[in-house]
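Undergrad: Can you read through this structure? Questions will come right after.
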Amino acid sequence: MPDGRGAPAPRRKISAAKLSETLLDVSNKLAVSDGLGGALKIMRDICTSLIGCERGSVFLHDPATNELYARIEGRFAREIRILDSAGVAGDVFTRNEGAVVPDAYADKRFDASTDKQTGYRTRTILCAPLRTKKGKVIGVAQLLNKIDGQFTPDDLAIVEAVIAQSAISLTHLSTIEVIEKSRKQELDFLSVVSEISSELQLGPLLQKIMAAITRMLDAERCTLFINDPKTNELYSFVGQGLGSSTIRLPNHMGIAGAVFTSGQTINIPYAYADLRFNPAFDKRSGFFTRSILCVPVSNKAGAVIGVTQVLNKRGGSFNDNDEARLKAFTSQISIGIENAKLFDDVQAIKNYNESILESMSNGVITLSGDGKIVTCNAAGLKILQVAQKDIIDKPAADFFAGDNAWLIEKVTTVQESGEDEVLMDAPLHVAGERLSANVSVLPLRSGGGDDKILGSMVMIEDISSEKRMKATMARYMDPTLADQLLASGTEVLGGQSVEATVLFSDVRSFTTLSEELGPQGIISLLNEYFTLMVDCITDQGGMLDKFIGDAIMAVFGTAKKHEDDEDRALRTAVSMMRELHGFNARRIADGKRPIDIGIGLNTDTVVSGNIGSPKRQDYTVIGDGVNLAARLESACKEYGAHILVSENTVRKLKSTYRSREVDRVVVKGKTKPVAIYEVVDYHTDETFPNMMGVLQAFQYGLKSYRDTQFDQAIKAFGEGLALNPNDLATKLYIDRCNYLKEHHPGDNWDGVWVMKTK
């Protein structure tokens with residue numbers, strides 16, 4: 001092994017007795033050595049001491065990589081590796097013949113680069129092949145710089161005698177190490193598979209798998225991509241070493257796409273020498289990809305459901321053993337991935353059903369076959385004015401007694417007949433108060449072949465407040481909103497402070513359109529356009545607040561709260577852009593001019609309620625949060641965007657959308673900066689070509705811009721503009737960078753842009 005130093009002064013000639021004693025000492029020490037590493041150190045130390053030289057190394061051959069490797073002890077144990085055909089050691093290994101080199105720098109086999117790196121000067125070399133008893137070469141022993149004179153053939157004979165004495169022990173220890181390493185790998189493999197199999201959440205499962213593969217193959221990074229058949233994309237919740245993010249790419253592009261579409265493994269030892277490798281990501285991220293191993297992930301039916309991509313094996317390239325282990329591992333975990341996906345789907349359905357139940361304004365109560373109350377939704381608890389613990393698992397006959405006993409009679413009739421019962425404007429007595437309610441009683445069936453009745457469901461619609469208020473409210477809001485407000489109580493109309501997401505949209509160049517179309521034409525256009533846009537709002541449970549000329553103001557989270565109001569608002573904006581695309585296509589086909597819109601979204605605490613005079617009132621929202629949404633809608637023009645969203649909304653989104661941060665701005669009338677994002681989910685390949693490449697280049701350019709590295713930012717933005725010459729946001733930043741190069745903002749600049757207009 002390298003760096004053996006401190007050898008005693010050598011003897012010029014070793015007697016046969018001394019040599020025999022030394023060989024016996026070799027056998028004794030190897031017999032009690034601490035594994036293969038210890039044995040190699042013993043051989044090195046004995047040879048350097050016996051011959052009298054400055055340094056020595058013992059290299060073993062790795063047939064999997066065609067390399068010679070030596071182990072270095074110390075605080076951080078490591079290996080050095082060279083090709084088994086390189087240098088004097090490689091020549092001796094290849095020819096199976098020892099060599100004595102009296103002048104290293106005069107020998108054409110000698111590689112002087114190591115001396116240049118370490119500052120050590122190699123003068124003389126003795127190198128002998130390491131053979132088994134059967135004559136197979138398994139490595140070489142190399143000594144450097146004899147202290148007294150030159151290496152001689154006698155020295156070579158002595159080293160070969162020591163090697164011959166050690167051959168059996170080395171072969172034995174090497175075999176044991178291989179077996180032990182294989183056993184440890186198998187135990188680690190089983191442990192990892194067992195740990196991963198217990199995880200049902202898809203996101204944490206993917207992270208565990210990637211961490212396990214990185215550790216198992218001793219690599220730098222790993223990414224597990226799952227195919228999304230709805231979008232034909234490969235996605236991963238997180239890429240190791242890339243930070244917390246969602247990666248998406250078309251499932252036919254790049255090396256991962258090639259593996260997914262072909263179902264064949266790709267092993268690239270030198271990434272930059274392979275034409276399929278795209279180095280653009282390395283340039284942007286600063287990561288250097290050396291080697292790649294990418295294998296398909298298949299389900300039990302043999303269908304490819306994703307790919308696993310591993311980068312940069314430490315100490316060399318990925319070999320056949322790595323490939324086999326990764327294939328075996330992915331075949332084991334594919335079932336866990338499918339189970340996690342299924343669990344996610346089931347959980348999504350469960351959450352969807354619960355969301356439907358909890359969002360209903362009607363009370364829903366389910367009863368078991370023996371008459372006990374099983375469930376009651378939030379609306380039911382509110383109507384009956386009880387806590388969940390006071391109604392669940394209680395006999396329905398005890399709960400609905402006295403004046404409400406008629407309800408139990410209806411439940412009994414339904415369970416016996418199997419037919420629905422509906423009662424309109426029925427009296428329901430709750431806490432000493434008489435309510436008016438529409439009540440439906442329905443049987444719950446098993447759905448199997450016997451269609452057995454398992455219990456019943458009672459639906460209660462409280463129409464008491466509606467009777468008093470609906471006529472008044474119908475004068476200024478649609479029936480759906482009126483129903484939601486009535487279910488929430490009269491206090492909503494009086495005014496309350498709530499967190500909500502406000503959406504503003506506006507038609508571009510409306511004045512020009514008005515002049516071109518005339519009064520009747522513009523009214524016809526707006527009626528058709530508003531019909532499409534309002535449907536997008538109501539489909540997501542939003543409230544149309546008002547029309548302001550050609551503009552629309554909508555609110556999510558006031559009349560009816562949802563856990564995902566921010567997502568509903570953003571989905572509405574995306575839907576509006578998609579509907580506008582179809583609307584414009586029809587107008588163009590009819591020879592009419594298309595229209596364009598901008599949309600701004602912001603989430604904040606606002607005040608909602610009836611505002612106006614006794615003669616005319618509107619249910620609306622006011623506050624700074626409303627103003628910011630309007631400012632963002634207006635800012636769409638400056639950034640060439642159609643949907644701009646504030647960081648207040650982005651922080652609360654539960655789903656993932658294609659987006660990019662476009663700026664940190666201070667809007668007119670404010671002093672605190674806010675980050676704004678452009679959402680591009682509605683775009684197609686035609687309307688936004690090379691989207692992923694442009695977004696990555698923009699992100700890198702924006703970081704350089706904020707670091708005042710304007711030349712670097714211009715270069716990155718230029719790459720994005722080459723991919724999509726119509727990206728106005730990229731053009732804007734190139735202009736900004738050129739301006740700031742000439743008017744440097746100073747060392748304390750925070751990258752915030754102050755908007756001068758509303």
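Residues are referred to by chain and number: the chain letter is A, B, ... according to the order shown in the structure tokens, the number counts from 1 in that chain, and ligands are numbered separately from 1 in the order shown.
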Run DSSP on the backbone of this structure and report the residues of range 218-437 of chain A it assigns to strand (DSSP E), as a ChimeraX atom specification.
TA: /A:219-228,233-236,247-250,266-268,292-298,304-313,363-368,373-376,421-430,433-437
Undergrad: Please identify which residues in range 529-692 of chain A DSSP calls alpha helix (DSSP H) from the backbone, and express them as a PyMOL selection string.
TA: chain A and resi 529-539+565-589+624-639+647-650+691-692
Undergrad: With a distance cut-off of 9 Å and only C-alpha atoms, select the neighbouring residues of Gly718 in chain A, excluding the residue or stretch itself and same-chain residues fewer than 2 positions from it, and output the selection as a ChimeraX atom specification.
TA: /A:697,701,713-716,720-723,730-731,734
Undergrad: Could the residues in this selection be written to a file with N, CA and C atoms, as a short mmCIF file (atom, residue, chain, number, x, y, z; two decimals), in the first residue's frame?
TA:
data_model
loop_
_atom_site.label_atom_id
_atom_site.label_comp_id
_atom_site.auth_asym_id
_atom_site.auth_seq_id
_atom_site.Cartn_x
_atom_site.Cartn_y
_atom_site.Cartn_z
N ALA A 697 -33.73 28.35 -17.72
CA ALA A 697 -32.82 29.44 -18.07
C ALA A 697 -33.24 30.73 -17.37
N GLY A 701 -31.11 32.96 -14.79
CA GLY A 701 -30.87 34.35 -15.12
C GLY A 701 -31.36 35.29 -14.03
N ALA A 713 -26.36 37.03 -16.28
CA ALA A 713 -27.82 36.98 -16.40
C ALA A 713 -28.24 37.14 -17.85
N ILE A 714 -27.60 38.07 -18.57
CA ILE A 714 -27.95 38.28 -19.99
C ILE A 714 -27.69 37.01 -20.79
N LYS A 715 -26.60 36.33 -20.48
CA LYS A 715 -26.30 35.08 -21.18
C LYS A 715 -27.39 34.04 -20.94
N ALA A 716 -27.81 33.89 -19.68
CA ALA A 716 -28.85 32.90 -19.36
C ALA A 716 -30.18 33.27 -20.01
N GLY A 720 -32.65 31.36 -22.95
CA GLY A 720 -34.09 31.16 -22.91
C GLY A 720 -34.77 31.79 -24.11
N LEU A 721 -34.31 32.99 -24.52
CA LEU A 721 -34.93 33.68 -25.65
C LEU A 721 -34.69 32.93 -26.95
N ALA A 722 -33.55 32.25 -27.05
CA ALA A 722 -33.29 31.43 -28.24
C ALA A 722 -34.28 30.27 -28.33
N LEU A 723 -34.70 29.76 -27.17
CA LEU A 723 -35.66 28.65 -27.15
C LEU A 723 -37.08 29.14 -27.43
N THR A 730 -38.54 37.46 -20.64
CA THR A 730 -37.10 37.32 -20.86
C THR A 730 -36.54 38.57 -21.55
N LYS A 731 -37.26 39.08 -22.55
CA LYS A 731 -36.82 40.30 -23.23
C LYS A 731 -36.75 41.47 -22.24
N ILE A 734 -33.58 41.24 -20.17
CA ILE A 734 -32.38 41.58 -20.94
C ILE A 734 -32.23 43.10 -21.00
#
Undergrad: Got a sec: who's within 9 Å of range 656-671 of chain A, counting only C-alpha atoms, leaving out chain neighbours fewer than 6 positions off, as a ChimeraX atom specification?
TA: /A:246,628,631-632,639,644,647,677-682,692,695-696,698-699,702,729,751-758
Undergrad: May I have the residues from that selection written out with N, CA and C atoms, as a compact mmCIF listing (two decimals), in the first residue's frame?
TA:
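Contents of result.txt, as written:
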# COMPACT_ATOMS: atom_id res chain seq x y z
N THR A 246 -40.44 19.87 -7.85
CA THR A 246 -41.06 18.87 -8.69
C THR A 246 -40.46 18.96 -10.08
N LEU A 628 -54.13 44.73 -4.46
CA LEU A 628 -52.95 44.07 -5.01
C LEU A 628 -53.32 43.15 -6.17
N ARG A 631 -53.63 45.29 -9.11
CA ARG A 631 -52.33 45.73 -9.60
C ARG A 631 -51.63 44.62 -10.40
N LEU A 632 -51.77 43.39 -9.93
CA LEU A 632 -51.13 42.27 -10.64
C LEU A 632 -51.76 42.06 -12.01
N TYR A 639 -45.08 42.39 -18.09
CA TYR A 639 -44.28 41.17 -18.14
C TYR A 639 -44.67 40.24 -19.30
N LEU A 644 -50.73 36.41 -13.36
CA LEU A 644 -49.74 36.75 -12.35
C LEU A 644 -50.33 36.49 -10.97
N GLU A 647 -47.01 36.05 -4.04
CA GLU A 647 -46.42 35.03 -3.18
C GLU A 647 -47.39 34.63 -2.06
N TYR A 677 -45.46 35.66 -9.33
CA TYR A 677 -45.18 34.48 -10.14
C TYR A 677 -46.08 34.46 -11.37
N GLU A 678 -45.53 34.01 -12.48
CA GLU A 678 -46.33 33.79 -13.69
C GLU A 678 -46.67 32.31 -13.77
N VAL A 679 -47.96 31.99 -13.91
CA VAL A 679 -48.40 30.61 -14.07
C VAL A 679 -48.60 30.35 -15.56
N VAL A 680 -48.02 29.25 -16.06
CA VAL A 680 -48.05 28.97 -17.50
C VAL A 680 -48.68 27.61 -17.79
N ASP A 681 -49.48 27.09 -16.87
CA ASP A 681 -50.07 25.76 -17.03
C ASP A 681 -50.97 25.65 -18.25
N TYR A 682 -51.56 26.75 -18.67
CA TYR A 682 -52.52 26.71 -19.77
C TYR A 682 -51.85 26.64 -21.13
N MET A 692 -39.85 23.96 -20.53
CA MET A 692 -38.99 23.61 -19.41
C MET A 692 -37.61 24.25 -19.54
N LEU A 695 -37.94 28.01 -18.73
CA LEU A 695 -38.14 28.28 -17.30
C LEU A 695 -36.84 28.08 -16.52
N GLN A 696 -36.07 27.04 -16.88
CA GLN A 696 -34.81 26.81 -16.18
C GLN A 696 -33.81 27.92 -16.46
N PHE A 698 -34.55 30.97 -17.30
CA PHE A 698 -35.06 32.19 -16.65
C PHE A 698 -34.73 32.19 -15.17
N GLN A 699 -34.91 31.02 -14.52
CA GLN A 699 -34.61 30.93 -13.08
C GLN A 699 -33.14 31.24 -12.81
N LEU A 702 -32.52 34.98 -13.43
CA LEU A 702 -33.07 35.83 -12.37
C LEU A 702 -32.15 35.85 -11.15
N ALA A 729 -41.18 38.31 -21.00
CA ALA A 729 -40.54 38.48 -19.69
C ALA A 729 -39.02 38.39 -19.82
N GLY A 751 -32.65 43.83 -5.48
CA GLY A 751 -33.33 43.23 -6.63
C GLY A 751 -34.80 43.57 -6.75
N VAL A 752 -35.31 44.47 -5.89
CA VAL A 752 -36.74 44.81 -5.91
C VAL A 752 -37.00 45.88 -6.96
N TRP A 753 -38.07 45.69 -7.73
CA TRP A 753 -38.45 46.64 -8.77
C TRP A 753 -39.67 47.43 -8.30
N VAL A 754 -39.60 48.76 -8.41
CA VAL A 754 -40.69 49.62 -7.97
C VAL A 754 -41.58 49.94 -9.17
N MET A 755 -42.86 49.55 -9.06
CA MET A 755 -43.79 49.80 -10.14
C MET A 755 -44.26 51.25 -10.07
N LYS A 756 -44.19 51.95 -11.20
CA LYS A 756 -44.55 53.37 -11.24
C LYS A 756 -46.01 53.60 -11.59
N THR A 757 -46.67 52.58 -12.15
CA THR A 757 -48.06 52.74 -12.59
C THR A 757 -48.95 51.75 -11.86
N LYS A 758 -50.26 52.02 -11.91
CA LYS A 758 -51.24 51.11 -11.34
C LYS A 758 -51.53 49.95 -12.29
Undergrad: I want to know what sits within 12 Å of Val606 in chain A, based on only C-alpha atoms, with residues of the same chain fewer than 5 positions away left out; could you give that as a PyMOL selection string?
TA: chain A and resi 495-502+555-558+620-629
Undergrad: Which residue, A:Ala324, A:Val458, A:Leu126, A:Met553, has the smallest gap to Leu217 in chain A when you use only C-alpha atoms?
TA: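 Closest to Leu217 in chain A, using only C-alpha atoms: A:Ala324.
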Undergrad: Using only C-alpha atoms, which of A:Ala104, A:Ala280, A:Ala396, A:Ile266 sits nearest Val694 in chain A?
TA: A:Ala280
